[in-house]
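J.: Pasting target-v2.csv here (CSV, C-alpha atoms):
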chain,number,residue,atom,x,y,z
E,26,MET,CA,-39.6,-44.3,43.9
E,27,LYS,CA,-41.2,-43.9,47.3
E,28,LYS,CA,-44.5,-42.0,47.3
E,29,ASP,CA,-44.8,-38.6,48.9
E,30,VAL,CA,-46.4,-38.8,52.3
E,31,GLU,CA,-49.2,-36.4,51.2
E,32,ASP,CA,-50.1,-38.7,48.3
E,33,VAL,CA,-50.2,-41.7,50.7
E,34,PHE,CA,-52.3,-39.7,53.1
E,35,ASN,CA,-54.7,-38.7,50.4
E,36,GLU,CA,-55.0,-42.3,49.1
E,37,PHE,CA,-55.2,-44.2,52.4
E,38,GLY,CA,-55.8,-41.5,55.1
E,39,ASN,CA,-59.5,-42.1,55.4
E,40,MET,CA,-59.1,-45.9,55.5
E,41,LEU,CA,-56.6,-45.6,58.4
E,42,TYR,CA,-58.8,-43.2,60.2
E,43,ARG,CA,-61.8,-45.5,60.0
E,44,VAL,CA,-59.8,-48.5,61.2
E,45,SER,CA,-58.4,-46.4,64.1
E,46,VAL,CA,-61.8,-45.0,65.2
E,47,VAL,CA,-63.3,-48.5,65.3
E,48,MET,CA,-60.2,-49.9,67.2
E,49,LEU,CA,-59.7,-47.0,69.6
E,50,LYS,CA,-63.4,-46.0,70.0
E,51,ASN,CA,-62.7,-42.3,69.8
E,52,THR,CA,-61.7,-39.8,67.2
E,53,HIS,CA,-58.9,-38.0,69.1
E,54,ASP,CA,-56.8,-41.2,69.7
E,55,ALA,CA,-57.6,-42.2,66.1
E,56,GLU,CA,-56.0,-38.9,64.9
E,57,ASP,CA,-52.9,-39.8,66.8
E,58,ALA,CA,-52.8,-43.3,65.4
E,59,VAL,CA,-53.1,-42.1,61.8
E,60,GLN,CA,-50.4,-39.5,62.5
E,61,ASP,CA,-48.0,-42.1,64.0
E,62,THR,CA,-48.6,-44.4,61.1
E,63,LEU,CA,-47.6,-41.6,58.7
E,64,ILE,CA,-44.5,-40.9,60.7
E,65,LYS,CA,-43.6,-44.6,60.5
E,66,TYR,CA,-44.1,-44.3,56.7
E,67,ILE,CA,-41.8,-41.3,56.5
E,68,GLU,CA,-39.2,-43.1,58.5
E,69,HIS,CA,-39.5,-46.3,56.5
E,70,LYS,CA,-36.6,-46.7,54.1
E,71,LYS,CA,-37.7,-49.5,51.9
E,72,GLU,CA,-39.9,-49.0,48.8
E,73,PHE,CA,-43.1,-50.9,48.2
E,74,SER,CA,-43.6,-53.1,45.2
E,75,ASP,CA,-47.1,-51.7,44.5
E,76,SER,CA,-50.1,-49.9,46.0
E,77,GLU,CA,-51.6,-53.0,47.5
E,78,HIS,CA,-48.3,-53.8,49.3
E,79,LEU,CA,-48.2,-50.3,50.7
E,80,LYS,CA,-51.8,-50.5,51.8
E,81,ALA,CA,-51.3,-53.9,53.6
E,82,TRP,CA,-48.2,-52.5,55.3
E,83,LEU,CA,-50.0,-49.3,56.4
E,84,LEU,CA,-52.9,-51.4,57.8
E,85,ARG,CA,-50.5,-53.7,59.7
E,86,ILE,CA,-48.6,-50.7,61.2
E,87,ASN,CA,-51.8,-48.9,62.0
E,88,ILE,CA,-53.5,-51.8,63.7
E,89,ASN,CA,-50.3,-52.5,65.8
E,90,LEU,CA,-50.1,-48.9,66.8
E,91,CYS,CA,-53.8,-49.0,67.9
E,92,LYS,CA,-53.0,-52.1,70.0
E,93,ASN,CA,-50.0,-50.5,71.5
E,94,LYS,CA,-52.0,-47.4,72.5
E,95,LEU,CA,-54.6,-49.6,74.2
E,96,ARG,CA,-51.9,-51.6,76.0
E,97,PHE,CA,-49.6,-48.8,77.1
E,98,TYR,CA,-52.2,-46.2,78.0
E,99,HIS,CA,-53.5,-48.8,80.4
E,100,TYR,CA,-57.1,-48.1,79.6
E,101,HIS,CA,-59.9,-49.2,77.5
E,102,PRO,CA,-61.6,-46.0,76.4
E,103,ASN,CA,-65.4,-45.7,76.4
E,104,ILE,CA,-67.2,-45.1,73.2
E,105,ALA,CA,-67.7,-41.4,72.6
E,106,ILE,CA,-71.3,-41.5,71.3
E,107,GLU,CA,-71.6,-37.8,70.6
E,108,GLU,CA,-68.5,-38.0,68.4
E,109,LEU,CA,-70.0,-40.8,66.4
E,110,GLN,CA,-73.4,-39.2,66.0
E,111,SER,CA,-72.1,-36.8,63.4
E,112,PHE,CA,-71.5,-39.7,61.0
E,113,TYR,CA,-74.9,-41.3,61.2
E,114,GLU,CA,-78.4,-40.2,60.4
E,115,GLU,CA,-80.1,-43.5,61.1
E,116,LYS,CA,-80.3,-44.7,64.7
E,117,GLU,CA,-79.8,-48.3,63.5
E,118,ASP,CA,-76.5,-47.5,61.9
E,119,LEU,CA,-75.3,-45.8,65.0
E,120,GLU,CA,-76.3,-48.8,67.1
E,121,LEU,CA,-74.5,-51.2,64.8
E,122,MET,CA,-71.3,-49.1,65.0
E,123,GLU,CA,-71.5,-49.0,68.7
E,124,GLU,CA,-71.8,-52.7,68.9
E,125,LEU,CA,-69.0,-53.2,66.4
E,126,MET,CA,-66.8,-51.0,68.6
E,127,LYS,CA,-67.6,-53.0,71.7
E,128,LEU,CA,-66.2,-56.2,70.2
E,129,PRO,CA,-62.8,-57.4,71.3
E,130,GLY,CA,-60.1,-55.9,69.1
E,131,LYS,CA,-59.1,-59.2,67.5
E,132,TYR,CA,-62.7,-59.6,66.1
E,133,LYS,CA,-62.9,-56.0,65.0
E,134,GLU,CA,-59.7,-56.0,63.0
E,135,ALA,CA,-60.7,-59.2,61.2
E,136,LEU,CA,-64.2,-58.0,60.4
E,137,ILE,CA,-62.9,-54.6,59.1
E,138,LEU,CA,-60.3,-56.2,56.9
E,139,PHE,CA,-62.7,-58.7,55.5
E,140,TYR,CA,-66.0,-56.8,55.2
E,141,VAL,CA,-64.8,-53.3,54.8
E,142,GLU,CA,-61.4,-53.5,53.1
E,143,GLY,CA,-62.3,-56.6,51.1
E,144,TYR,CA,-59.3,-58.7,51.9
E,145,LYS,CA,-59.3,-62.4,51.5
E,146,ILE,CA,-58.8,-64.7,54.4
E,147,LYS,CA,-55.3,-65.6,53.3
E,148,GLU,CA,-54.4,-61.9,52.9
E,149,ILE,CA,-55.7,-61.1,56.4
E,150,ALA,CA,-53.6,-63.9,57.9
E,151,GLY,CA,-50.6,-62.3,56.3
E,152,ILE,CA,-51.4,-58.8,57.6
E,153,LEU,CA,-52.2,-59.9,61.1
E,154,LYS,CA,-49.6,-62.7,61.2
E,155,ILE,CA,-52.0,-65.4,62.3
E,156,THR,CA,-53.1,-68.6,60.6
E,157,GLU,CA,-56.0,-68.7,58.1
E,158,ALA,CA,-57.9,-70.9,60.5
E,159,SER,CA,-57.6,-68.2,63.2
E,160,VAL,CA,-58.9,-65.6,60.8
E,161,LYS,CA,-61.9,-67.8,60.0
E,162,LYS,CA,-62.5,-68.4,63.6
E,163,ARG,CA,-62.4,-64.7,64.4
E,164,LEU,CA,-64.7,-63.7,61.6
E,165,GLU,CA,-67.2,-66.4,62.7
E,166,ARG,CA,-67.1,-65.4,66.3
E,167,GLY,CA,-67.1,-61.7,65.6
E,168,ARG,CA,-70.1,-62.0,63.4
E,169,LYS,CA,-71.9,-64.2,65.9
E,170,LYS,CA,-71.2,-61.7,68.7
E,171,LEU,CA,-72.4,-58.8,66.6
E,172,ASN,CA,-75.5,-60.7,65.6
E,173,GLU,CA,-76.2,-61.6,69.2
E,174,SER,CA,-75.7,-58.0,70.5
E,175,MET,CA,-77.9,-56.6,67.7
E,176,GLY,CA,-80.5,-59.3,68.1
E,177,GLY,CA,-82.3,-57.4,70.9
E,178,LYS,CA,-82.2,-54.1,69.0
E,179,GLY,CA,-84.6,-55.0,66.2
E,180,ASN,CA,-82.0,-55.5,63.6
E,181,GLY,CA,-82.8,-56.8,60.1
V,16,MET,CA,-82.6,-63.8,64.9
V,17,ALA,CA,-82.0,-61.9,61.7
V,18,GLU,CA,-78.4,-61.7,60.6
V,19,ILE,CA,-76.6,-58.5,59.8
V,20,GLU,CA,-76.0,-58.2,56.1
V,21,ASP,CA,-72.3,-58.2,55.2
V,22,ASN,CA,-72.6,-54.9,53.3
V,23,ARG,CA,-74.2,-53.2,56.3
V,24,ILE,CA,-70.9,-53.5,58.2
V,25,ARG,CA,-69.1,-52.0,55.2
V,26,THR,CA,-71.6,-49.2,54.8
V,27,VAL,CA,-71.6,-48.2,58.5
V,28,VAL,CA,-67.8,-48.2,58.8
V,29,ASN,CA,-67.4,-46.3,55.6
V,30,ARG,CA,-69.5,-43.5,56.9
V,31,ILE,CA,-66.6,-42.5,59.2
V,32,SER,CA,-64.5,-39.9,57.4
V,33,MET,CA,-62.1,-37.2,58.3
V,34,ASP,CA,-63.2,-33.6,57.9
V,35,GLU,CA,-60.8,-31.1,56.4
V,36,GLY,CA,-59.6,-29.7,59.8
V,37,VAL,CA,-58.6,-33.2,60.9
V,38,ARG,CA,-56.9,-33.9,57.6
V,39,GLN,CA,-54.8,-30.7,57.9
V,40,ARG,CA,-53.9,-31.4,61.5
V,41,ILE,CA,-52.7,-34.9,60.9
V,42,LEU,CA,-50.6,-34.0,57.9
V,43,GLU,CA,-49.0,-31.0,59.6
V,44,ARG,CA,-48.2,-32.8,62.8
V,45,SER,CA,-46.8,-35.8,60.9
V,46,ASN,CA,-44.4,-33.6,59.0
V,47,THR,CA,-43.5,-31.4,62.0
V,48,GLU,CA,-43.0,-34.2,64.4
V,49,ASN,CA,-40.8,-36.2,62.0
V,50,LYS,CA,-38.6,-33.1,61.4
V,51,GLY,CA,-38.5,-32.2,65.0
V,52,THR,CA,-37.4,-35.6,66.1
V,53,LYS,CA,-34.7,-36.1,63.5
V,54,ASN,CA,-31.9,-33.9,64.9
V,55,TYR,CA,-32.6,-35.1,68.4
V,56,ARG,CA,-32.4,-38.6,67.2
V,57,ILE,CA,-29.0,-38.2,65.5
V,58,GLY,CA,-27.4,-36.9,68.8
V,59,LYS,CA,-29.3,-39.5,70.8
V,60,ALA,CA,-28.4,-42.3,68.3
V,61,ALA,CA,-24.6,-41.6,68.8
V,62,LEU,CA,-25.0,-41.9,72.5
V,63,VAL,CA,-27.1,-45.0,72.3
V,64,CYS,CA,-24.6,-46.6,69.8
V,65,ALA,CA,-21.7,-46.0,72.2
V,66,VAL,CA,-23.6,-47.5,75.2
V,67,ALA,CA,-24.9,-50.4,73.0
V,68,LEU,CA,-21.3,-51.1,71.8
V,69,PHE,CA,-20.1,-51.2,75.3
V,70,TRP,CA,-22.8,-53.6,76.4
V,71,ILE,CA,-22.4,-55.8,73.3
V,72,THR,CA,-18.7,-56.1,73.9
V,73,ALA,CA,-19.2,-56.8,77.6
V,74,ALA,CA,-21.8,-59.5,76.8
V,75,ALA,CA,-19.6,-61.1,74.2
V,76,VAL,CA,-16.7,-61.3,76.7
V,77,LEU,CA,-18.9,-62.6,79.6
V,78,HIS,CA,-20.9,-65.1,77.6
V,79,GLY,CA,-18.6,-66.0,74.8
V,80,LYS,CA,-21.3,-65.0,72.4
V,81,ILE,CA,-22.3,-61.8,70.7
V,82,VAL,CA,-25.8,-60.9,71.8
V,83,GLY,CA,-27.5,-59.3,68.8
V,84,ASP,CA,-30.6,-57.2,68.5
V,85,ASN,CA,-33.8,-58.2,70.2
V,86,LYS,CA,-34.5,-60.6,67.3
V,87,GLY,CA,-37.7,-58.8,66.4
V,88,ILE,CA,-39.7,-60.2,69.3
V,89,VAL,CA,-41.2,-58.7,72.4
V,90,VAL,CA,-43.0,-60.7,75.0
V,91,TYR,CA,-45.5,-59.1,77.5
V,92,ALA,CA,-46.8,-60.7,80.7
V,93,SER,CA,-50.2,-59.6,81.7
V,94,THR,CA,-50.2,-57.9,85.1
V,95,GLU,CA,-54.0,-57.2,85.3
V,96,ASN,CA,-56.4,-59.4,83.3
V,97,GLU,CA,-55.0,-58.5,79.8
V,98,ILE,CA,-55.6,-54.8,80.5
V,99,ARG,CA,-52.2,-54.0,81.9
V,100,TRP,CA,-49.0,-55.6,80.6
V,101,LYS,CA,-45.4,-55.7,81.5
V,102,LYS,CA,-42.6,-56.1,78.9
V,103,LEU,CA,-40.2,-59.0,79.7
V,104,GLU,CA,-36.6,-57.9,79.7
V,105,TRP,CA,-34.0,-60.1,78.0
V,106,GLY,CA,-32.1,-62.2,80.5
V,107,LYS,CA,-34.1,-60.9,83.5
V,108,LYS,CA,-36.1,-63.3,85.6
V,109,THR,CA,-39.4,-61.6,86.2
V,110,LEU,CA,-41.8,-62.4,89.0
V,111,LEU,CA,-45.3,-62.9,87.6
V,112,GLU,CA,-48.5,-61.5,89.0
V,113,PRO,CA,-51.4,-63.9,89.0
V,114,GLN,CA,-54.6,-62.9,87.1
V,115,TRP,CA,-57.5,-62.5,89.5
V,116,ARG,CA,-60.3,-62.2,86.9
V,117,SER,CA,-59.3,-64.9,84.6
V,118,TYR,CA,-59.6,-68.7,84.3
V,119,VAL,CA,-55.8,-68.9,84.0
V,120,ASP,CA,-53.1,-67.8,86.3
V,121,TYR,CA,-50.6,-66.1,83.9
V,122,ILE,CA,-51.0,-64.8,80.4
V,123,PHE,CA,-48.3,-63.8,77.9
V,124,GLU,CA,-48.6,-62.0,74.6
V,125,ILE,CA,-45.9,-62.4,71.9
V,126,GLU,CA,-45.4,-59.4,69.6
V,127,LEU,CA,-43.3,-59.6,66.5
V,128,GLN,CA,-41.8,-56.9,64.4
V,129,GLU,CA,-42.8,-56.8,60.7
V,130,ASP,CA,-41.7,-59.6,58.3
V,131,TYR,CA,-41.4,-62.2,61.0
V,132,LEU,CA,-43.7,-65.1,61.8
V,133,TYR,CA,-43.2,-67.6,64.6
V,134,ASP,CA,-43.6,-71.2,65.3
V,135,ARG,CA,-43.3,-72.7,68.7
V,136,ASN,CA,-43.2,-76.0,70.6
V,137,HIS,CA,-45.1,-77.0,73.8
V,138,VAL,CA,-43.8,-77.3,77.3
V,139,VAL,CA,-44.5,-79.6,80.2
V,140,LEU,CA,-44.2,-78.2,83.7
V,141,GLY,CA,-45.3,-80.6,86.3
V,142,ASN,CA,-49.1,-80.9,86.1
V,143,ASP,CA,-49.5,-77.3,85.0
V,144,SER,CA,-51.6,-76.5,82.0
V,145,ILE,CA,-49.7,-74.4,79.4
V,146,PHE,CA,-51.8,-73.6,76.4
V,147,ILE,CA,-50.6,-71.7,73.4
V,148,GLU,CA,-53.1,-70.0,71.1
V,149,GLU,CA,-52.1,-67.7,68.3
V,150,ASN,CA,-49.9,-65.1,69.9
V,151,LYS,CA,-51.0,-65.8,73.5
V,152,ILE,CA,-49.6,-68.2,76.1
V,153,TYR,CA,-51.9,-69.2,78.9
V,154,TRP,CA,-50.4,-70.8,82.0
V,155,THR,CA,-52.5,-72.4,84.8
V,156,VAL,CA,-50.6,-73.6,87.8
V,157,SER,CA,-51.5,-77.0,89.2
V,158,GLU,CA,-52.1,-77.2,93.0
V,159,GLU,CA,-51.2,-80.8,93.2
V,160,VAL,CA,-47.5,-80.3,94.1
V,161,GLY,CA,-47.4,-82.4,97.3
V,162,GLU,CA,-49.9,-85.0,96.2
V,163,TYR,CA,-47.9,-86.2,93.3
V,164,GLY,CA,-44.5,-85.7,94.8
V,165,LEU,CA,-43.6,-83.1,92.4
V,166,PRO,CA,-40.7,-80.7,93.3
V,167,SER,CA,-41.6,-77.2,94.5
V,168,HIS,CA,-38.9,-75.8,92.2
V,169,MET,CA,-39.1,-76.5,88.5
V,170,ALA,CA,-38.6,-74.9,85.1
V,171,GLY,CA,-39.6,-75.5,81.5
V,172,THR,CA,-38.7,-73.7,78.3
V,173,ILE,CA,-40.9,-72.7,75.4
V,174,ARG,CA,-38.8,-72.4,72.2
V,175,ILE,CA,-40.2,-69.7,69.9
V,176,TYR,CA,-38.9,-70.0,66.4
V,177,LEU,CA,-38.8,-67.0,64.2
V,178,THR,CA,-39.5,-67.8,60.6
V,179,ASP,CA,-39.6,-65.9,57.4
V,180,ASP,CA,-42.7,-65.6,55.3
V,181,LYS,CA,-41.9,-68.9,53.6
V,182,GLY,CA,-42.0,-70.7,57.0
V,183,LYS,CA,-38.2,-71.2,57.1
V,184,ARG,CA,-36.7,-71.0,60.6
V,185,LYS,CA,-34.4,-68.0,60.9
V,186,ASP,CA,-33.8,-67.8,64.6
V,187,VAL,CA,-34.9,-69.0,68.0
V,188,VAL,CA,-35.6,-67.4,71.4
V,189,LEU,CA,-36.4,-69.1,74.6
V,190,LEU,CA,-39.1,-68.3,77.1
V,191,GLU,CA,-38.3,-70.0,80.4
V,192,LEU,CA,-41.2,-70.5,82.8
V,193,SER,CA,-40.2,-71.4,86.4
V,194,LYS,CA,-41.8,-72.1,89.7
V,195,GLU,CA,-40.2,-71.6,93.1
V,196,ASP,CA,-42.5,-72.6,95.9
V,197,ASP,CA,-45.6,-70.6,95.3
V,198,LYS,CA,-44.0,-68.0,93.1
V,199,CYS,CA,-43.8,-68.1,89.3
V,200,TYR,CA,-41.3,-66.4,87.0
V,201,ALA,CA,-40.6,-65.9,83.3
V,202,GLU,CA,-37.4,-65.1,81.6
V,203,LEU,CA,-36.7,-64.4,77.9
V,204,LYS,CA,-33.4,-65.9,76.8
V,205,TYR,CA,-31.1,-66.3,73.9
V,206,GLU,CA,-30.2,-69.8,73.0
V,207,ARG,CA,-26.7,-70.6,74.1
As structure tokens - that is how I would like this structure written.

T.:
Amino acid sequence: MKKDVEDVFNEFGNMLYRVSVVMLKNTHDAEDAVQDTLIKYIEHKKEFSDSEHLKAWLLRININLCKNKLRFYHYHPNIAIEELQSFYEEKEDLELMEELMKLPGKYKEALILFYVEGYKIKEIAGILKITEASVKKRLERGRKKLNESMGGKGNG
Amino acid sequence: MAEIEDNRIRTVVNRISMDEGVRQRILERSNTENKGTKNYRIGKAALVCAVALFWITAAAVLHGKIVGDNKGIVVYASTENEIRWKKLEWGKKTLLEPQWRSYVDYIFEIELQEDYLYDRNHVVLGNDSIFIEENKIYWTVSEEVGEYGLPSHMAGTIRIYLTDDKGKRKDVVLLELSKEDDKCYAELKYER
């Protein structure tokens, strides 16, 4: 039986919100992206084999919706620092998040799925519909860019 | 340079969380918007079905072939340095706008609906460089037309194969790239 939308939201809402904030760089658009993902779920007729299947589907839909927003709104929003400050007490953490947000979307999505959501490279390739080699390349380049950008900020 | 520890990325991202107000707002709006759009959609769906049926019949008569759905694929052409994009319409030859802040002249992005993957071949178009990486196609136009006696009008086709999750080919669509003098065009086509 298909899960109730509220249960899905309780289980995966925060995850979708985090991904959306990092992808879209502000909390207002992130709210819209999570909301649109839930509407897609409500409209989705098929059932999911298990919770992992549902999670991967939600992530794929959510990431695609974030990309669509960036594409169709014809803008690349600036990072709203004041919005982020409420999440962080340490200056270094805030700086790392800022730099993560500045990365191109393709690196961000790979880094989040790998480091935050704990997906394996093969699973990420399935979610993003790209090859495993591409996932590895994106992770490597994303990490390199992040290290370079944080290098001058006294990281480590 | 010290490297960022893997778990720092996780820790920092996981600090982001919704407060109760945001949670309530998202849930309420999701339910409301879904209900609100349902009735409108049913009426609209009937009208769309009628129009679609007319065009499908007309297309079948004109081309001797039933043109189905969009095959789960959308192709965008960049109109401004991968910030602005234009969706290519099926069967419509679209004049492309050169990128002015990129190393390549034209960029396309392929987007697939869920449960589809794609495979594709390469295309030769005069001395142009056409490079396919992941879901992007990069086209750089050669300026050696006269020198090598190449025609000023030419076209090449990229075949995009839609496959299932086991890699089995399910369908094919064509992206025709063409040049006419100094203008470049793209057209998304069904295979005849």

J.: Which chain V residues are at most 9 Å from chain E (counting only C-alpha atoms), as JSON, numbers by chain?

T.: {"V": [16, 17, 18, 19, 20, 21, 22, 23, 24, 25, 26, 27, 28, 29, 30, 31, 32, 33, 37, 38, 40, 41, 42, 44, 45, 46, 48, 49, 97, 98, 99, 100, 127, 129, 130, 131, 132, 133, 149, 150, 180]}

J.: When you draw a straight line from CA of Tyr176 (chain V) to CA of Asp134 (chain V), how long is it in Å?

T.: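 Interatomic distance here is 5.0 Å.
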
J.: Take CA of Ile152 (chain V) and CA of Asp54 (chain E) and report the distance between them in Å, one decimal.

T.: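 These atoms are spaced 28.7 Å apart.
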
J.: Just give me the gap between CA of Lys198 (chain V) and CA of Leu110 (chain V) in Å, one decimal is fine.

T.: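 Here the two named atoms are 7.3 Å from each other.
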
J.: Name all residues at most 9 Å from Lys92 (chain E) (count only C-alpha atoms; drop same-chain ones fewer than 6 positions away) and give them as a PyMOL selection string.

T.: chain E and resi 48-49+130

J.: Which residue out of E:Leu90, E:Ala135, E:Ala105, E:Leu83 has the minimum interatomic distance to Arg166 (chain E) when only C-alpha atoms are used?

T.: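 Answer, going by the shortest atom-to-atom distance: E:Ala135.
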
J.: Which residues, written as JSON, numbers by chain, have at least one atom at most 10 Å from Leu203 (chain V), with only C-alpha atoms counted and residues fewer than 4 positions away on the same chain left out?

T.: {"V": [89, 90, 103, 104, 105, 106, 107, 108, 109, 172, 173, 188, 189, 190, 191, 192]}

J.: With all atoms listed in the file counted, which protein, DNA or RNA residues have an atom no more than 6 Å from (-51.3, -72.7, 79.6) in the file frame? Please answer as a list in words.

T.: Ser144, Ile145, Phe146, Ile152, Tyr153, Trp154 and Thr155 of chain V
